[in-house]
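Text of coords17.txt (compact mmCIF, C-alpha atoms) as supplied:
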# COMPACT_ATOMS: atom_id res chain seq x y z
CA MET T 154 50.19 37.51 -45.14
CA ALA T 155 50.28 34.35 -43.03
CA LYS T 156 52.98 32.51 -41.12
CA GLY T 157 53.48 28.75 -41.41
CA ARG T 158 55.95 25.89 -41.58
CA ILE T 159 57.04 24.12 -44.77
CA GLN T 160 55.91 20.48 -44.53
CA LYS T 161 57.03 19.22 -47.92
CA ALA T 162 59.10 20.41 -50.89
CA LEU T 163 58.54 18.78 -54.25
CA SER T 164 59.45 19.89 -57.80
CA GLY T 165 59.80 23.56 -56.92
CA PHE T 166 56.61 23.67 -54.85
CA TYR T 167 56.51 24.15 -51.09
CA TYR T 168 53.57 22.88 -49.07
CA VAL T 169 53.10 25.22 -46.11
CA ASP T 170 51.00 24.44 -43.04
CA ILE T 171 49.25 27.69 -42.14
CA GLY T 172 46.67 26.04 -39.90
CA GLY T 173 44.00 25.30 -42.50
CA ASP T 174 42.47 22.04 -43.65
CA ALA T 175 45.19 21.50 -46.24
CA PRO T 176 48.67 22.91 -46.73
CA LEU T 177 49.03 25.95 -48.96
CA ARG T 178 50.84 25.07 -52.22
CA CYS T 179 53.48 27.73 -52.82
CA ARG T 180 56.30 28.78 -55.09
CA ALA T 181 59.28 30.70 -53.71
CA ARG T 182 59.99 34.28 -54.73
CA GLY T 183 62.73 34.74 -57.33
CA LYS T 184 64.54 36.85 -54.72
CA PHE T 185 65.58 33.67 -52.92
CA ARG T 186 67.43 32.37 -55.99
CA GLN T 187 69.20 35.72 -56.38
CA ASP T 188 70.21 35.64 -52.70
CA GLY T 189 71.36 31.99 -52.93
CA LEU T 190 68.75 30.91 -50.35
CA SER T 191 66.53 27.89 -50.84
CA PRO T 192 63.56 27.34 -48.54
CA LEU T 193 63.77 24.00 -46.70
CA VAL T 194 61.28 21.63 -45.11
CA GLY T 195 60.95 22.77 -41.51
CA ASP T 196 61.45 26.47 -42.29
CA TRP T 197 59.08 28.97 -40.71
CA VAL T 198 57.96 31.24 -43.53
CA GLU T 199 55.73 34.19 -44.35
CA VAL T 200 53.41 33.38 -47.24
CA ARG T 201 51.04 35.41 -49.37
CA GLU T 202 48.01 33.61 -50.71
CA ALA T 203 47.57 34.49 -54.41
CA GLU T 204 44.40 32.47 -54.90
CA PRO T 205 42.60 29.86 -52.80
CA GLY T 206 45.04 27.04 -52.02
CA PHE T 207 48.01 28.62 -53.80
CA GLY T 208 50.53 31.25 -52.68
CA MET T 209 54.09 32.53 -52.58
CA VAL T 210 56.78 32.01 -49.96
CA TRP T 211 57.59 35.64 -49.21
CA GLU T 212 60.10 35.48 -46.34
CA VAL T 213 62.07 32.77 -44.56
CA GLU T 214 62.46 33.27 -40.80
CA PRO T 215 65.95 32.82 -39.28
CA ARG T 216 66.83 29.16 -38.87
CA ARG T 217 67.85 27.42 -35.66
CA ASN T 218 69.75 24.82 -37.69
CA ALA T 219 69.88 23.47 -41.25
CA PHE T 220 71.10 20.26 -42.85
CA THR T 221 72.02 19.40 -46.42
CA ARG T 222 71.21 15.69 -46.18
CA PRO T 223 68.39 15.45 -45.48
CA ALA T 224 67.56 18.97 -46.70
CA VAL T 225 65.71 20.23 -43.61
CA ALA T 226 65.79 23.10 -41.13
CA ASN T 227 64.76 23.80 -37.54
CA VAL T 228 64.93 20.12 -36.60
CA ASP T 229 64.79 19.00 -32.96
CA GLN T 230 66.35 15.59 -33.62
CA LEU T 231 67.80 13.47 -36.39
CA VAL T 232 66.75 9.82 -36.36
CA VAL T 233 69.54 7.67 -37.79
CA VAL T 234 67.95 4.49 -39.14
CA ALA T 235 70.49 1.66 -39.09
CA SER T 236 70.35 -2.07 -39.72
CA ARG T 237 72.33 -5.15 -38.68
CA ALA T 238 70.73 -7.07 -41.61
CA VAL T 239 70.97 -6.11 -45.28
CA PRO T 240 72.31 -3.46 -45.58
CA VAL T 241 74.59 -3.63 -42.54
CA THR T 242 75.18 -0.09 -41.28
CA ASP T 243 78.74 0.95 -40.52
CA PRO T 244 78.74 2.64 -37.07
CA PHE T 245 80.95 5.34 -38.62
CA LEU T 246 77.84 6.64 -40.43
CA ILE T 247 76.01 7.01 -37.11
CA ASP T 248 79.05 8.70 -35.55
CA ARG T 249 79.33 11.14 -38.46
CA VAL T 250 75.64 12.08 -38.30
CA ALA T 251 75.88 12.48 -34.50
CA ALA T 252 78.89 14.79 -34.83
CA ILE T 253 77.19 16.96 -37.45
CA ALA T 254 74.00 17.11 -35.37
CA ALA T 255 75.95 18.14 -32.26
CA LEU T 256 77.57 21.00 -34.20
CA LYS T 257 74.09 22.17 -35.17
CA ASN T 258 72.55 21.84 -31.70
CA CYS T 259 70.30 18.97 -32.72
CA GLY T 260 69.51 15.75 -30.87
CA VAL T 261 70.16 12.27 -32.26
CA VAL T 262 68.10 9.09 -31.99
CA VAL T 263 69.55 5.78 -33.15
CA CYS T 264 66.92 3.44 -34.56
CA VAL T 265 68.26 -0.04 -35.33
CA ASN T 266 65.62 -1.47 -37.65
CA LYS T 267 64.98 -4.97 -39.04
CA ALA T 268 65.19 -6.63 -35.60
CA ASP T 269 63.17 -9.51 -37.07
CA LEU T 270 66.13 -10.32 -39.36
CA ALA T 271 69.12 -9.65 -37.09
CA SER T 272 69.47 -8.44 -33.52
CA GLY T 273 70.50 -4.82 -33.21
CA GLU T 274 70.66 -4.85 -29.41
CA GLU T 275 74.47 -4.70 -29.28
CA LEU T 276 74.59 -1.65 -31.58
CA ALA T 277 71.67 0.08 -29.83
CA GLY T 278 73.26 -0.66 -26.42
CA LEU T 279 76.55 0.87 -27.52
CA TYR T 280 74.84 4.17 -28.37
CA ARG T 281 72.68 4.08 -25.22
CA GLN T 282 75.91 3.81 -23.16
CA ALA T 283 77.20 6.87 -25.03
CA GLY T 284 74.11 8.82 -23.92
CA PHE T 285 71.96 8.64 -27.04
CA ALA T 286 68.34 7.59 -27.26
CA ALA T 287 68.45 4.24 -29.07
CA VAL T 288 65.72 1.80 -29.94
CA GLU T 289 65.61 -1.53 -31.75
CA THR T 290 62.63 -1.82 -34.13
CA SER T 291 61.00 -4.06 -36.69
CA ALA T 292 58.53 -2.66 -39.19
CA VAL T 293 57.42 -6.25 -39.87
CA THR T 294 56.62 -7.33 -36.29
CA GLY T 295 55.98 -3.89 -34.79
CA GLU T 296 58.70 -4.39 -32.15
CA GLY T 297 59.91 -1.11 -30.66
CA LEU T 298 57.50 1.11 -32.60
CA GLU T 299 55.67 2.28 -29.45
CA GLU T 300 58.98 3.29 -27.88
CA LEU T 301 60.06 5.08 -31.07
CA THR T 302 56.71 6.89 -31.27
CA ALA T 303 57.17 8.13 -27.69
CA ILE T 304 60.67 9.42 -28.53
CA LEU T 305 59.32 11.26 -31.60
CA SER T 306 56.27 12.73 -29.87
CA GLY T 307 56.18 16.53 -29.74
CA LYS T 308 59.43 16.99 -31.68
CA LEU T 309 60.26 17.79 -35.28
CA SER T 310 62.33 14.81 -36.42
CA ALA T 311 64.08 14.04 -39.69
CA PHE T 312 65.11 10.55 -40.74
CA THR T 313 68.46 9.71 -42.29
CA GLY T 314 70.46 6.55 -42.92
CA ASN T 315 71.51 4.04 -45.54
CA SER T 316 69.31 3.30 -48.50
CA GLY T 317 67.35 0.15 -47.67
CA ALA T 318 67.67 0.47 -43.89
CA GLY T 319 63.94 1.11 -43.45
CA LYS T 320 63.39 4.87 -43.24
CA SER T 321 60.07 4.63 -45.09

Please lay out the structure from this file as structure tokens.
Amino acid sequence: MAKGRIQKALSGFYYVDIGGDAPLRCRARGKFRQDGLSPLVGDWVEVREAEPGFGMVWEVEPRRNAFTRPAVANVDQLVVVASRAVPVTDPFLIDRVAAIAALKNCGVVVCVNKADLASGEELAGLYRQAGFAAVETSAVTGEGLEELTAILSGKLSAFTGNSGAGKS
């Protein structure tokens, strides 16, 4: 039996980092379905390797926090990707994510993307004044990416936000 963290979940398979060269491709025990528990990306799990490269998620360790959207657990911070260009993000979305994160003892980072199309400084400044880490970025020009990388360093982060805002 080995302990690891789920890195990716796709089509009923869980890819668990157990410290090897590649993640272990696993299925979850049927017991989880019976108990109404679904393993999530970020979960610390006990796995049993059935054959080289393939195994079973045997146990899920207690979670520090869990979110439905995105479906993740044990997250240090949620990065809310917003935009002042198309699509324009309603600040209510950021507020809602921040409130949910606070209830789950999770940090929030506001990333206002697409700075090459429309300035997000006013929105980022508003959240900085409220005490949040906020950065204005552009995937096209590279603006703010160093600062964002520093904020993400050493933490398990999950990205959320409007479709088309630039999470990818």

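Atom pair CA of Asn315 in chain T / CA of Asn266 in chain T: separated by 11.3 Å.
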
Restricting to only C-alpha atoms, whichever of T:Arg158, T:Val233, T:Leu163, T:Asp170 is closest to Trp197 in chain T is T:Arg158

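When only C-alpha atoms are used to measure the gap to Val265 in chain T, the shortest distance among T:Asp196, T:Glu289, T:Glu212, T:Glu296 belongs to T:Glu289.
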
Measuring atom to atom with all atoms listed in the file, identify which of T:Glu274, T:Glu300, T:Glu199, T:Asp229 is nearest to Ala254 in chain T. T:Asp229

Nearby residues, (52.9, 17.9, -47.1) file frame, 12 Å, all atoms listed in the file, as a ChimeraX atom specification: /T:158-163,166-171,174-179,194-195

Top pick for closest residue to Ala303 in chain T, considering T:Ser191, T:Gly172, T:Ala286, T:Val200 and counting only C-alpha atoms: T:Ala286

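For the residues T:Met154, T:Ala311, T:Leu270, T:Ala252, ranking by smallest atom-to-atom distance to Ala203 in chain T using all atoms listed in the file places T:Met154 first.
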
Nearby residues (all atoms listed in the file) at most 9 Å from Leu298 in chain T, same-chain spacing under 6 positions excluded, as a PyMOL selection string: chain T and resi 288-292

So what do you get for CA of Pro240 in chain T versus CA of Ala271 in chain T, distance-wise?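 Those two atoms sit 11.0 Å apart.
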
Between T:Asp269, T:Asn218, T:Val232, T:Glu275, which one has atoms that come closest to Ala251 in chain T, using all atoms listed in the file?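 Checking each candidate against Ala251 in chain T, we get T:Val232 as the closest.
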
Show me, as a ChimeraX atom specification, the residues that have an atom within 12 Å of Ile304 in chain T when counting all atoms listed in the file, minus same-chain residues fewer than 5 positions from it. /T:229-232,260-264,285-288,297-299,309-310

Dump of range 247-309 of chain T from preceding block, C-alpha atoms, as an mmCIF file, in the first residue's frame:
data_model
loop_
_atom_site.group_PDB
_atom_site.id
_atom_site.type_symbol
_atom_site.label_atom_id
_atom_site.label_comp_id
_atom_site.auth_asym_id
_atom_site.auth_seq_id
_atom_site.Cartn_x
_atom_site.Cartn_y
_atom_site.Cartn_z
ATOM 1 C CA ILE T 247 -15.535 36.965 -7.285
ATOM 2 C CA ASP T 248 -17.356 37.908 -4.069
ATOM 3 C CA ARG T 249 -19.304 34.634 -4.086
ATOM 4 C CA VAL T 250 -16.169 32.529 -4.616
ATOM 5 C CA ALA T 251 -14.354 34.487 -1.878
ATOM 6 C CA ALA T 252 -17.206 33.905 0.582
ATOM 7 C CA ILE T 253 -17.322 30.166 -0.134
ATOM 8 C CA ALA T 254 -13.528 29.921 0.160
ATOM 9 C CA ALA T 255 -13.561 31.757 3.502
ATOM 10 C CA LEU T 256 -16.138 29.287 4.851
ATOM 11 C CA LYS T 257 -13.805 26.457 3.846
ATOM 12 C CA ASN T 258 -10.624 28.031 5.248
ATOM 13 C CA CYS T 259 -9.106 28.563 1.826
ATOM 14 C CA GLY T 260 -7.247 31.575 0.452
ATOM 15 C CA VAL T 261 -8.330 33.551 -2.618
ATOM 16 C CA VAL T 262 -6.259 35.112 -5.385
ATOM 17 C CA VAL T 263 -7.897 37.418 -7.916
ATOM 18 C CA CYS T 264 -6.297 37.200 -11.355
ATOM 19 C CA VAL T 265 -7.626 39.800 -13.800
ATOM 20 C CA ASN T 266 -6.566 38.411 -17.165
ATOM 21 C CA LYS T 267 -6.561 39.864 -20.703
ATOM 22 C CA ALA T 268 -4.790 43.075 -19.642
ATOM 23 C CA ASP T 269 -3.702 43.457 -23.271
ATOM 24 C CA LEU T 270 -7.373 43.972 -24.240
ATOM 25 C CA ALA T 271 -8.710 46.011 -21.311
ATOM 26 C CA SER T 272 -7.160 47.310 -18.111
ATOM 27 C CA GLY T 273 -8.078 45.334 -15.032
ATOM 28 C CA GLU T 274 -6.170 47.571 -12.617
ATOM 29 C CA GLU T 275 -9.310 49.114 -11.100
ATOM 30 C CA LEU T 276 -10.839 45.689 -10.371
ATOM 31 C CA ALA T 277 -7.548 44.237 -9.086
ATOM 32 C CA GLY T 278 -7.008 47.348 -6.919
ATOM 33 C CA LEU T 279 -10.455 46.997 -5.391
ATOM 34 C CA TYR T 280 -9.679 43.462 -4.216
ATOM 35 C CA ARG T 281 -6.161 44.416 -3.059
ATOM 36 C CA GLN T 282 -7.751 47.109 -0.834
ATOM 37 C CA ALA T 283 -10.029 44.402 0.583
ATOM 38 C CA GLY T 284 -6.952 42.364 1.562
ATOM 39 C CA PHE T 285 -6.814 39.829 -1.268
ATOM 40 C CA ALA T 286 -3.820 38.958 -3.395
ATOM 41 C CA ALA T 287 -4.688 40.373 -6.828
ATOM 42 C CA VAL T 288 -2.705 40.484 -10.033
ATOM 43 C CA GLU T 289 -3.379 41.793 -13.522
ATOM 44 C CA THR T 290 -2.139 39.419 -16.248
ATOM 45 C CA SER T 291 -2.005 38.891 -19.984
ATOM 46 C CA ALA T 292 -1.359 35.459 -21.433
ATOM 47 C CA VAL T 293 -0.572 37.174 -24.756
ATOM 48 C CA THR T 294 2.090 39.640 -23.550
ATOM 49 C CA GLY T 295 3.227 37.772 -20.426
ATOM 50 C CA GLU T 296 2.391 40.744 -18.179
ATOM 51 C CA GLY T 297 1.971 39.750 -14.532
ATOM 52 C CA LEU T 298 2.824 36.076 -15.041
ATOM 53 C CA GLU T 299 5.978 36.266 -12.893
ATOM 54 C CA GLU T 300 3.981 37.803 -10.046
ATOM 55 C CA LEU T 301 1.250 35.166 -10.416
ATOM 56 C CA THR T 302 3.846 32.379 -10.446
ATOM 57 C CA ALA T 303 5.306 33.710 -7.180
ATOM 58 C CA ILE T 304 1.831 33.760 -5.583
ATOM 59 C CA LEU T 305 1.206 30.152 -6.686
ATOM 60 C CA SER T 306 4.615 28.824 -5.645
ATOM 61 C CA GLY T 307 4.523 26.147 -2.945
ATOM 62 C CA LYS T 308 0.720 26.069 -2.704
ATOM 63 C CA LEU T 309 -1.962 23.805 -4.101
#
